[in-house]
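Here is the file query-v1.tsv (TSV, C-alpha atoms and all ligand atoms).
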chain	number	residue	atom	x	y	z
L	228	MET	CA	-8.95	-11.88	23.92
L	229	ILE	CA	-7.59	-13.89	21.02
L	230	LYS	CA	-3.89	-14.44	21.51
L	231	THR	CA	-2.38	-13.96	18.09
L	232	SER	CA	1.29	-14.64	17.86
L	233	TYR	CA	1.94	-13.60	14.27
L	234	ILE	CA	1.31	-10.18	12.92
L	235	ASP	CA	1.02	-8.89	9.38
L	236	HIS	CA	3.16	-5.76	9.53
L	237	HIS	CA	1.63	-4.04	6.52
L	238	ALA	CA	-1.84	-4.59	5.11
L	239	HIS	CA	-5.01	-2.68	4.32
L	240	VAL	CA	-7.97	-3.88	6.34
L	241	TYR	CA	-10.63	-1.92	4.49
L	242	GLY	CA	-9.20	-2.90	1.10
L	243	THR	CA	-9.05	-6.53	2.23
L	244	GLY	CA	-12.70	-6.43	3.30
L	245	TYR	CA	-13.70	-4.62	0.14
L	246	LYS	CA	-12.04	-7.27	-1.93
L	247	SER	CA	-13.64	-10.12	-0.01
L	248	LEU	CA	-17.10	-8.57	-0.50
L	249	HIS	CA	-16.69	-7.68	-4.18
L	250	PRO	CA	-15.93	-9.53	-7.39
L	251	LYS	CA	-12.24	-10.24	-7.71
L	252	LEU	CA	-10.07	-9.81	-10.77
L	253	ASP	CA	-6.94	-11.46	-9.34
L	254	HIS	CA	-7.33	-14.64	-11.27
L	255	THR	CA	-7.93	-12.99	-14.61
L	256	ASN	CA	-5.20	-13.54	-17.18
L	257	SER	CA	-6.46	-11.46	-20.11
L	258	ILE	CA	-8.51	-8.37	-20.85
L	259	ASP	CA	-11.34	-10.63	-22.01
L	260	GLU	CA	-11.43	-12.44	-18.68
L	261	VAL	CA	-11.64	-9.09	-16.86
L	262	LEU	CA	-14.46	-7.97	-19.14
L	263	THR	CA	-16.39	-11.19	-18.52
L	264	VAL	CA	-16.31	-10.59	-14.76
L	265	ILE	CA	-17.42	-6.97	-15.18
L	266	LYS	CA	-20.22	-7.96	-17.52
L	267	SER	CA	-21.62	-10.25	-14.83
L	268	ILE	CA	-21.59	-7.39	-12.30
L	269	LEU	CA	-23.29	-4.92	-14.63
L	270	SER	CA	-26.49	-6.94	-14.76
L	271	LYS	CA	-26.87	-6.93	-10.94
L	272	LEU	CA	-26.33	-3.22	-10.42
L	273	GLN	CA	-28.55	-0.80	-8.49
L	274	PRO	CA	-29.22	2.60	-10.08
L	275	GLU	CA	-26.54	5.24	-9.34
L	276	GLN	CA	-24.03	2.55	-8.43
L	277	TRP	CA	-20.51	2.52	-9.80
L	278	VAL	CA	-18.86	-0.68	-10.88
L	279	VAL	CA	-15.71	-1.05	-8.83
L	280	ALA	CA	-13.52	-4.16	-8.79
L	281	ARG	CA	-9.90	-4.80	-7.97
L	282	GLY	CA	-7.08	-7.07	-8.99
L	283	TRP	CA	-6.22	-6.69	-12.70
L	284	ASP	CA	-2.57	-6.88	-13.69
L	285	GLN	CA	-1.56	-6.15	-17.29
L	286	ASN	CA	1.73	-7.97	-16.70
L	287	LYS	CA	-0.22	-11.22	-16.72
L	288	TRP	CA	-1.75	-10.48	-20.11
L	289	GLN	CA	-0.31	-11.27	-23.49
L	290	GLU	CA	-0.18	-7.60	-24.56
L	291	LYS	CA	1.51	-6.47	-21.28
L	292	HIS	CA	0.59	-2.80	-21.76
L	293	PHE	CA	-2.06	-0.73	-20.02
L	294	PRO	CA	-5.62	-1.20	-21.30
L	295	THR	CA	-7.82	1.74	-22.38
L	296	TYR	CA	-11.29	3.07	-21.60
L	297	GLU	CA	-12.59	1.81	-24.94
L	298	SER	CA	-12.83	-1.85	-23.94
L	299	LEU	CA	-14.82	-0.84	-20.84
L	300	ASP	CA	-17.02	1.51	-22.86
L	301	ALA	CA	-17.92	-1.44	-25.03
L	302	LEU	CA	-19.59	-2.93	-21.91
L	303	SER	CA	-21.21	0.31	-20.80
L	304	SER	CA	-20.72	3.97	-21.53
L	305	THR	CA	-23.55	5.05	-19.21
L	306	ILE	CA	-22.54	3.27	-15.98
L	307	PRO	CA	-19.26	4.43	-14.44
L	308	ILE	CA	-16.68	1.62	-14.26
L	309	VAL	CA	-13.48	1.88	-12.21
L	310	LEU	CA	-11.11	-1.07	-12.00
L	311	ILE	CA	-8.31	-0.89	-9.47
L	312	ARG	CA	-4.99	-2.43	-10.40
L	313	ILE	CA	-3.79	-5.31	-8.19
L	314	ASP	CA	-1.36	-2.99	-6.34
L	315	GLY	CA	-3.88	-0.18	-5.79
L	316	HIS	CA	-1.62	2.28	-7.66
L	317	ALA	CA	-3.56	2.57	-10.93
L	318	LEU	CA	-7.19	2.89	-12.01
L	319	TRP	CA	-8.64	1.78	-15.32
L	320	CYS	CA	-11.77	3.84	-15.97
L	321	ASN	CA	-14.42	4.00	-18.63
L	322	SER	CA	-15.43	7.33	-20.19
L	323	LYS	CA	-18.48	7.70	-17.89
L	324	ALA	CA	-16.27	7.56	-14.79
L	325	LEU	CA	-13.88	10.10	-16.35
L	326	GLU	CA	-16.81	12.34	-17.22
L	327	LEU	CA	-18.34	12.20	-13.71
L	328	ALA	CA	-14.92	13.01	-12.24
L	329	LYS	CA	-14.67	15.88	-14.76
L	330	ILE	CA	-11.39	14.59	-16.15
L	331	SER	CA	-10.72	15.80	-19.68
L	332	LYS	CA	-7.63	15.86	-21.86
L	333	ASP	CA	-6.96	19.37	-20.48
L	334	THR	CA	-7.13	18.41	-16.79
L	335	PRO	CA	-3.84	19.46	-15.18
L	336	ILE	CA	-1.81	16.50	-13.95
L	337	PRO	CA	-1.47	16.59	-10.17
L	338	SER	CA	2.07	16.25	-8.86
L	339	GLY	CA	2.79	12.70	-7.78
L	340	GLY	CA	0.24	11.26	-10.14
L	341	ASP	CA	-0.52	10.86	-13.80
L	342	ILE	CA	-3.45	10.89	-16.18
L	343	LEU	CA	-2.19	8.84	-19.09
L	344	ARG	CA	-2.79	10.13	-22.59
L	345	SER	CA	-2.21	8.61	-25.98
L	346	ALA	CA	0.42	9.93	-28.41
L	347	SER	CA	-2.26	12.16	-29.94
L	348	GLY	CA	-3.13	13.61	-26.51
L	349	THR	CA	-6.46	11.87	-25.87
L	350	LEU	CA	-7.27	10.28	-22.51
L	351	THR	CA	-6.58	6.55	-22.20
L	352	GLY	CA	-8.60	5.94	-19.02
L	353	ILE	CA	-5.55	5.03	-16.92
L	354	ILE	CA	-5.02	7.17	-13.82
L	355	LEU	CA	-1.98	6.74	-11.58
L	356	ASP	CA	-1.26	7.32	-7.90
L	357	ASP	CA	-2.07	10.82	-6.58
L	358	ALA	CA	-4.33	11.57	-9.57
L	359	MET	CA	-6.60	8.68	-8.49
L	360	GLN	CA	-8.11	10.89	-5.78
L	361	ILE	CA	-9.99	12.84	-8.48
L	362	ILE	CA	-11.88	9.66	-9.32
L	363	TYR	CA	-12.39	8.61	-5.70
L	364	ASP	CA	-13.80	12.05	-4.88
L	365	ALA	CA	-16.40	11.67	-7.62
L	366	MET	CA	-17.70	8.33	-6.28
L	367	PRO	CA	-20.80	8.23	-4.08
L	368	LYS	CA	-19.81	8.56	-0.42
L	369	GLU	CA	-20.05	5.46	1.69
L	370	HIS	CA	-22.13	5.33	4.84
L	371	SER	CA	-20.40	4.70	8.12
L	372	HIS	CA	-22.43	1.49	8.51
L	373	SER	CA	-21.05	0.04	5.32
L	374	ILE	CA	-17.51	1.12	6.25
L	375	LYS	CA	-17.93	-0.89	9.46
L	376	GLN	CA	-19.15	-3.93	7.54
L	377	THR	CA	-16.19	-3.70	5.18
L	378	LEU	CA	-13.65	-3.29	8.00
L	379	LEU	CA	-15.20	-6.28	9.75
L	380	ALA	CA	-14.97	-8.40	6.60
L	381	GLY	CA	-11.31	-7.35	6.32
L	382	LEU	CA	-10.54	-8.18	9.95
L	383	GLN	CA	-12.10	-11.61	9.46
L	384	GLU	CA	-9.48	-12.39	6.82
L	385	PHE	CA	-6.73	-11.84	9.41
L	386	ALA	CA	-8.68	-13.70	12.09
L	387	LYS	CA	-8.77	-16.67	9.70
L	388	TYR	CA	-5.00	-17.05	10.17
L	389	HIS	CA	-5.09	-15.97	13.85
L	390	ILE	CA	-2.86	-13.01	13.13
L	391	GLY	CA	-2.90	-9.34	14.04
L	392	VAL	CA	-2.43	-6.55	11.53
L	393	HIS	CA	-0.79	-3.18	11.01
L	394	ASP	CA	-3.37	-1.27	8.99
L	395	MET	CA	-1.15	0.80	6.77
L	396	GLY	CA	-2.95	4.01	6.23
L	397	ILE	CA	-6.58	4.97	6.69
L	398	PRO	CA	-8.49	8.15	5.90
L	399	ALA	CA	-10.28	9.74	8.89
L	400	GLU	CA	-13.68	8.29	7.89
L	401	TYR	CA	-12.62	4.80	8.95
L	402	TRP	CA	-11.55	5.69	12.48
L	403	GLU	CA	-14.98	6.14	14.13
L	404	PRO	CA	-16.33	2.92	12.55
L	405	TYR	CA	-13.14	1.18	13.73
L	406	LYS	CA	-13.70	2.38	17.30
L	407	GLU	CA	-17.36	1.34	17.24
L	408	LEU	CA	-16.45	-2.13	16.00
L	409	TYR	CA	-13.89	-2.69	18.74
L	410	LEU	CA	-16.11	-1.21	21.42
L	411	THR	CA	-18.69	-3.94	20.82
L	412	ASN	CA	-16.54	-6.79	19.43
L	413	GLY	CA	-12.98	-5.96	20.48
L	414	ASP	CA	-12.49	-9.17	22.48
L	415	ILE	CA	-12.96	-11.39	19.47
L	416	LEU	CA	-11.26	-9.23	16.84
L	417	PRO	CA	-7.59	-9.46	15.86
L	418	ARG	CA	-5.23	-6.84	17.19
L	419	ALA	CA	-5.10	-3.90	14.81
L	420	TYR	CA	-2.46	-1.17	14.86
L	421	VAL	CA	-3.72	1.69	12.76
L	422	PHE	CA	-1.80	4.34	10.81
L	423	LEU	CA	-3.34	7.54	9.40
L	424	ASP	CA	-2.74	8.05	5.70
L	425	MET	CA	-1.14	11.45	5.06
L	426	SER	CA	-1.89	11.26	1.34
L	427	LYS	CA	-5.59	11.51	2.18
L	428	PRO	CA	-6.66	15.02	3.21
L	429	THR	CA	-8.94	13.67	5.96
L	430	GLY	CA	-6.19	11.42	7.33
L	431	ARG	CA	-3.96	14.43	7.66
L	432	THR	CA	-6.69	16.51	9.32
L	433	LEU	CA	-7.41	13.80	11.87
L	434	PHE	CA	-3.68	13.46	12.61
L	435	LEU	CA	-3.32	17.20	13.31
L	436	GLU	CA	-6.52	17.13	15.32
L	437	ARG	CA	-5.37	14.18	17.48
L	438	LEU	CA	-2.10	16.01	18.20
L	439	GLN	CA	-4.10	18.63	20.08
L	440	HIS	CA	-5.07	16.00	22.65
L	441	GLU	CA	-2.90	14.84	25.46
L	442	ILE	CA	-3.54	11.23	24.48
L	443	PHE	CA	-3.06	10.67	20.76
L	444	ASP	CA	-4.67	7.24	20.66
L	445	ASP	CA	-8.35	7.48	21.61
L	446	SER	CA	-9.18	3.88	20.74
L	447	THR	CA	-11.85	2.01	22.61
L	448	HIS	CA	-10.28	-1.39	23.23
L	449	ASN	CA	-6.87	-2.88	23.98
L	450	ASN	CA	-6.91	-4.76	20.69
L	451	LEU	CA	-7.08	-1.51	18.73
L	452	LYS	CA	-4.37	1.15	18.66
L	453	LEU	CA	-3.80	4.32	16.69
L	454	VAL	CA	-0.04	4.24	16.37
L	455	GLY	CA	1.27	6.54	13.68
L	456	ILE	CA	1.27	8.01	10.21
L	457	LYS	CA	1.93	6.73	6.72
L	458	LEU	CA	3.57	8.78	3.98
L	459	TYR	CA	4.11	7.90	0.33
L	460	PHE	CA	7.47	8.70	-1.26
L	461	ASP	CA	6.77	6.91	-4.55
L	462	GLY	CA	4.35	4.61	-6.38
L	463	ALA	CA	4.69	0.95	-7.32
L	464	LEU	CA	7.02	-0.94	-9.62
L	465	GLY	CA	4.28	-2.59	-11.69
L	466	SER	CA	2.84	0.74	-12.86
L	467	ARG	CA	6.37	2.23	-13.16
L	468	GLY	CA	5.65	4.59	-10.28
L	469	ALA	CA	8.58	3.42	-8.12
L	470	HIS	CA	11.12	6.28	-7.99
L	471	LEU	CA	14.47	5.18	-9.41
L	472	PHE	CA	17.92	6.80	-9.65
L	473	LYS	CA	18.29	5.57	-13.21
L	474	PRO	CA	15.41	5.25	-15.69
L	475	TYR	CA	13.35	2.10	-16.10
L	476	SER	CA	15.11	-0.47	-18.25
L	477	ASP	CA	11.90	-0.93	-20.25
L	478	ASP	CA	10.97	2.79	-20.42
L	479	THR	CA	14.16	4.75	-20.73
L	480	ASN	CA	12.82	8.27	-20.13
L	481	ASN	CA	10.89	7.29	-17.04
L	482	TYR	CA	12.31	7.61	-13.49
L	483	GLY	CA	8.97	6.93	-11.76
L	484	LEU	CA	7.11	9.23	-9.39
L	485	LYS	CA	8.45	11.29	-6.52
L	486	LEU	CA	5.59	11.71	-4.04
L	487	THR	CA	5.28	14.13	-1.07
L	488	ASP	CA	7.71	17.03	-1.22
L	489	ASP	CA	10.54	17.24	1.30
L	490	THR	CA	9.26	20.24	3.31
L	491	ASP	CA	5.82	18.71	3.72
L	492	ALA	CA	7.25	15.31	4.66
L	493	ILE	CA	9.66	16.77	7.24
L	494	GLU	CA	6.88	18.80	8.81
L	495	LEU	CA	4.57	15.80	9.24
L	496	MET	CA	7.40	13.52	10.35
L	497	SER	CA	8.60	16.06	12.93
L	498	LEU	CA	5.15	16.39	14.45
L	499	ALA	CA	4.81	12.61	14.71
L	500	ALA	CA	8.35	12.29	16.08
L	501	GLU	CA	7.66	14.78	18.88
L	502	ARG	CA	4.91	12.42	20.03
L	503	GLY	CA	7.04	9.30	19.68
L	504	LEU	CA	4.66	7.80	17.10
L	505	GLN	CA	5.50	5.31	14.36
L	506	ILE	CA	6.39	6.91	11.03
L	507	ALA	CA	5.88	4.60	8.08
L	508	ILE	CA	7.22	5.69	4.70
L	509	HIS	CA	6.21	3.90	1.52
L	510	ALA	CA	9.40	3.63	-0.56
L	511	ILE	CA	9.85	1.06	-3.32
L	512	GLY	CA	12.44	2.49	-5.73
L	513	ASP	CA	16.11	2.99	-4.83
L	514	ALA	CA	15.76	6.80	-5.08
L	515	ALA	CA	12.70	6.77	-2.82
L	516	ASN	CA	14.49	4.59	-0.26
L	517	SER	CA	17.48	6.91	-0.31
L	518	ARG	CA	15.35	10.02	0.12
L	519	ALA	CA	13.42	8.39	2.96
L	520	LEU	CA	16.71	7.69	4.76
L	521	GLU	CA	17.88	11.25	4.18
L	522	LEU	CA	14.75	12.78	5.69
L	523	ILE	CA	14.67	10.26	8.54
L	524	GLU	CA	18.23	11.29	9.39
L	525	ILE	CA	17.19	14.96	9.54
L	526	VAL	CA	14.13	14.29	11.71
L	527	LYS	CA	15.95	11.81	13.93
L	528	HIS	CA	18.52	14.44	14.87
L	529	GLN	CA	16.02	17.12	15.78
L	530	LYS	CA	16.02	17.95	19.48
L	531	THR	CA	12.25	17.60	19.73
L	532	THR	CA	12.23	14.03	18.42
L	533	SER	CA	11.18	11.47	21.03
L	534	LYS	CA	13.47	8.50	21.58
L	535	ASN	CA	10.44	6.22	21.23
L	536	THR	CA	9.79	7.18	17.62
L	537	ILE	CA	9.89	4.25	15.25
L	538	PHE	CA	10.95	4.93	11.67
L	539	ARG	CA	9.99	2.29	9.16
L	540	ILE	CA	10.25	1.99	5.42
L	541	GLU	CA	7.38	0.12	3.82
L	542	HIS	CA	8.37	-2.28	1.02
L	543	ALA	CA	12.11	-1.41	1.14
L	544	GLN	CA	12.15	-3.08	-2.23
L	545	ILE	CA	15.08	-1.73	-4.23
L	546	ILE	CA	18.01	-0.57	-2.14
L	547	ARG	CA	21.50	0.48	-3.22
L	548	GLU	CA	24.37	-1.22	-1.44
L	549	GLU	CA	25.47	2.03	0.27
L	550	ASP	CA	22.02	2.57	1.74
L	551	LEU	CA	21.97	-0.74	3.64
L	552	GLU	CA	24.44	0.71	6.14
L	553	ARG	CA	22.28	3.84	6.54
L	554	TYR	CA	19.25	1.68	7.34
L	555	ARG	CA	21.24	0.03	10.11
L	556	ARG	CA	22.83	3.18	11.47
L	557	LEU	CA	19.48	5.00	11.65
L	558	ASN	CA	17.75	1.92	13.06
L	559	VAL	CA	15.05	2.00	10.38
L	560	TRP	CA	12.77	-1.02	10.15
L	561	ALA	CA	12.44	-2.58	6.70
L	562	ILE	CA	8.95	-3.95	6.07
L	563	ILE	CA	9.08	-6.51	3.26
L	564	GLN	CA	6.47	-8.53	1.33
L	565	PRO	CA	7.83	-11.98	0.46
L	566	GLN	CA	4.87	-12.72	-1.84
L	567	PHE	CA	5.75	-9.75	-4.05
L	568	TYR	CA	8.88	-11.56	-5.11
L	569	GLN	CA	6.89	-14.48	-6.43
L	570	SER	CA	4.22	-12.34	-8.09
L	571	ASP	CA	6.51	-9.70	-9.60
L	572	TYR	CA	9.74	-11.42	-10.45
L	573	GLN	CA	8.86	-12.25	-14.07
L	574	TRP	CA	8.38	-8.63	-15.03
L	575	ALA	CA	10.44	-6.91	-12.31
L	576	ILE	CA	13.60	-7.93	-14.12
L	577	LYS	CA	12.36	-6.14	-17.25
L	578	ARG	CA	11.65	-2.96	-15.29
L	579	LEU	CA	15.04	-2.96	-13.54
L	580	GLY	CA	17.46	-4.83	-15.81
L	581	ALA	CA	19.76	-7.70	-14.94
L	582	GLU	CA	22.17	-5.69	-12.82
L	583	ARG	CA	19.79	-3.60	-10.76
L	584	ILE	CA	17.53	-6.55	-9.96
L	585	GLY	CA	20.34	-7.64	-7.62
L	586	ASN	CA	19.39	-4.69	-5.40
L	587	ALA	CA	15.76	-5.78	-5.26
L	588	TYR	CA	13.90	-8.09	-2.85
L	589	ARG	CA	16.90	-8.19	-0.53
L	590	TRP	CA	15.94	-10.33	2.41
L	591	LYS	CA	19.08	-11.99	3.66
L	592	SER	CA	21.23	-8.97	2.81
L	593	LEU	CA	19.02	-6.74	4.93
L	594	LEU	CA	19.35	-9.16	7.84
L	595	GLU	CA	23.08	-9.51	7.34
L	596	ALA	CA	23.43	-5.73	7.34
L	597	GLY	CA	22.00	-5.77	10.88
L	598	ILE	CA	18.63	-4.26	9.94
L	599	SER	CA	15.31	-5.09	11.66
L	600	VAL	CA	13.31	-6.81	8.96
L	601	LEU	CA	9.58	-7.43	9.38
L	602	ALA	CA	7.28	-9.18	6.95
L	603	SER	CA	3.80	-8.56	5.64
L	604	SER	CA	1.35	-9.38	2.86
L	605	ASP	CA	0.14	-5.91	1.81
L	606	SER	CA	-3.27	-7.61	1.64
L	607	PRO	CA	-5.41	-7.16	-0.48
L	608	VAL	CA	-2.46	-7.12	-2.90
L	609	GLU	CA	-1.52	-10.60	-1.67
L	610	GLU	CA	-3.36	-13.04	0.55
L	611	ALA	CA	-2.91	-12.43	4.28
L	612	ASN	CA	-1.53	-15.94	4.87
L	613	PRO	CA	1.72	-15.66	6.87
L	614	TYR	CA	2.67	-19.27	6.16
L	615	THR	CA	2.98	-18.54	2.43
L	616	GLY	CA	5.41	-15.77	3.31
L	617	ILE	CA	7.40	-17.92	5.71
L	618	ASN	CA	7.76	-20.63	3.05
L	619	LEU	CA	8.77	-18.16	0.35
L	620	LEU	CA	11.38	-16.56	2.57
L	621	GLN	CA	13.17	-19.91	2.70
L	622	SER	CA	12.80	-20.63	-1.00
L	623	ARG	CA	15.52	-18.69	-2.80
L	624	SER	CA	19.11	-19.70	-3.34
L	625	TYR	CA	20.46	-16.19	-2.80
L	626	GLU	CA	18.64	-14.09	-0.22
L	627	ARG	CA	17.35	-17.25	1.47
L	628	VAL	CA	16.59	-16.92	5.17
L	629	SER	CA	16.21	-19.72	7.70
L	630	PHE	CA	12.86	-20.81	9.15
L	631	GLU	CA	13.71	-19.18	12.49
L	632	GLU	CA	14.62	-15.90	10.80
L	633	ALA	CA	11.50	-16.02	8.63
L	634	GLU	CA	9.21	-16.71	11.56
L	635	LYS	CA	10.75	-13.88	13.56
L	636	MET	CA	9.79	-11.47	10.78
L	637	TYR	CA	6.13	-12.26	11.51
L	638	LEU	CA	6.37	-11.95	15.27
L	639	GLU	CA	5.14	-8.93	17.06
L	640	SER	CA	7.82	-6.45	17.93
L	641	PRO	CA	8.23	-5.84	21.66
L	642	LEU	CA	7.62	-2.16	20.88
L	643	ASP	CA	4.07	-2.74	19.64
A	701	ZN	ZN	0.29	-1.16	1.18

As structure tokens, what does this structure read like?
Amino acid sequence: MIKTSYIDHHAHVYGTGYKSLHPKLDHTNSIDEVLTVIKSILSKLQPEQWVVARGWDQNKWQEKHFPTYESLDALSSTIPIVLIRIDGHALWCNSKALELAKISKDTPIPSGGDILRSASGTLTGIILDDAMQIIYDAMPKEHSHSIKQTLLAGLQEFAKYHIGVHDMGIPAEYWEPYKELYLTNGDILPRAYVFLDMSKPTGRTLFLERLQHEIFDDSTHNNLKLVGIKLYFDGALGSRGAHLFKPYSDDTNNYGLKLTDDTDAIELMSLAAERGLQIAIHAIGDAANSRALELIEIVKHQKTTSKNTIFRIEHAQIIREEDLERYRRLNVWAIIQPQFYQSDYQWAIKRLGAERIGNAYRWKSLLEAGISVLASSDSPVEEANPYTGINLLQSRSYERVSFEEAEKMYLESPLD
């Protein structure tokens, strides 16, 4: 067994593998650069295939606003093209992809998502958060063999740095391939702690199904564990999906997205808490963080909740002063991504304004408030290199943490 001392507390193994096996858009700095990459893929395509690539970020472009389907249609209007934003919270589609997913200007907008339209009501090709599932459902289904290959490619990225990983949210389809991989190769694979994604219908079904068994975790090797569930309470800051108390400073009617309604969240959390599982809640905006704490407080005080339950807030990115104390009191883990600070800071200040940015990317203040802070890359959003994170954590004048504190954030918790 590989002894890995560091662990990435929040990443996406499949997404990481997918990215390593597909053309990347991370280094593109303009729409034209994105289009050049896509053009090169189009010529190598098999019939029936969709063009899918990940990593664009309009904040790095001169125009700064979301692109539209038209520029992709100029490359092809007969082959479906879907480009995933760097953070995985927005899709940029051409008209063929929209057509195959049966999205029209009259498609009702699912709660917790958005289908962006122009001022005149026509589709723009940008699909946000929970609405993205409509596109994913229209894509050709992947075979279990290729899922296994992709997971393996993802795990290799973590193995490169000799670290383990918390895989933050899989649909049910990945679990059998995961088990098969570890059954044959478990000794040489990094430790993976897997969470089921409650925003995916199959993830939810598998969770409820596993609860019927005496042993929740039916993994096949010591290096693989099924440990809990992941819920989404909001989207991301870059696509203005983070749920805020006050509107975005650069979009003054927009408060972001509130995902998963309270009743549904409490029900899922209660079931997981009875089993003493880990409950990971994605919360970026200050309103999402506050709501997560509120619901955690309710579930924590239920009689059926096991003492072993771990409550964790993923990203913990914008937190009001008064909520720091609630984090501590409720013993909620804060899972941060140091690299986000470096990647997002330029535009984050525009989203939040000069005052509110003080509540964002709080590293030292979380520690000083007595909160358990753990670090991660959110790979494939950022590279899975823990040393980059450890360096960044020591780099700021305010919110700077020491080397020892930074390293501790990447160490495995005794509860794992
Ligand atoms: Zn993530």

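Among the candidates L:Thr295, L:Thr255, L:Ser466, L:Gln505, the residue lying nearest to Leu355 (chain L) is L:Ser466 (atoms considered: only C-alpha atoms).
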
Return as a count of residues only the residues of protein, DNA or RNA that approach ligand ZN 701 (chain A) to within 8 Å, with only C-alpha atoms and all ligand atoms taken into account.
11

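Look at Lys591 (chain L): the protein and nucleic acid residues within 7 Å of it, using only C-alpha atoms and passing over chain neighbours fewer than 4 places away, are Glu595, Glu626, Arg627 and Val628 of chain L.
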
Limited to C-alpha atoms, could you put the picked residues into a file as a PDB file, keeping the file's coordinate frame?
ATOM      1  CA  GLU L 595      23.080  -9.510   7.340  1.00  0.00           C
ATOM      2  CA  GLU L 626      18.640 -14.090  -0.220  1.00  0.00           C
ATOM      3  CA  ARG L 627      17.350 -17.250   1.470  1.00  0.00           C
ATOM      4  CA  VAL L 628      16.590 -16.920   5.170  1.00  0.00           C
TER       5      VAL L 628
END

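Proximity of L:Ala358, L:Ile313, L:Leu557, L:Leu551 to Ser338 (chain L), computed with all atoms listed in the file, is greatest for L:Ala358.
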
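Near Gln573 (chain L), within a cut-off of 12 Å and counting only C-alpha atoms, sit the residues Asn286, Lys287, Lys291, Gly465, Phe567, Tyr568, Gln569, Ser570, Ile576, Lys577, Arg578, Leu579, Gly580, Ala581 and Ile584 of chain L, with same-chain residues fewer than 3 positions away left out.
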
Please, what distance in Å, to one decimal, runs between CA of Val264 (chain L) and CA of Asn612 (chain L)?
25.1 Å

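For the choices L:Ile234, L:Leu318, L:Ile311, L:Leu484, the atom-to-atom distance to Glu639 (chain L) is smallest for L:Ile234 when using only C-alpha atoms.
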
Axis-aligned box for region 339-348 of chain L, 5 Å per side, centre and edges in Å as AutoDock Vina command-line options:
--center_x -0.3 --center_y 11.1 --center_z -18.9 --size_x 16.2 --size_y 15.0 --size_z 32.2
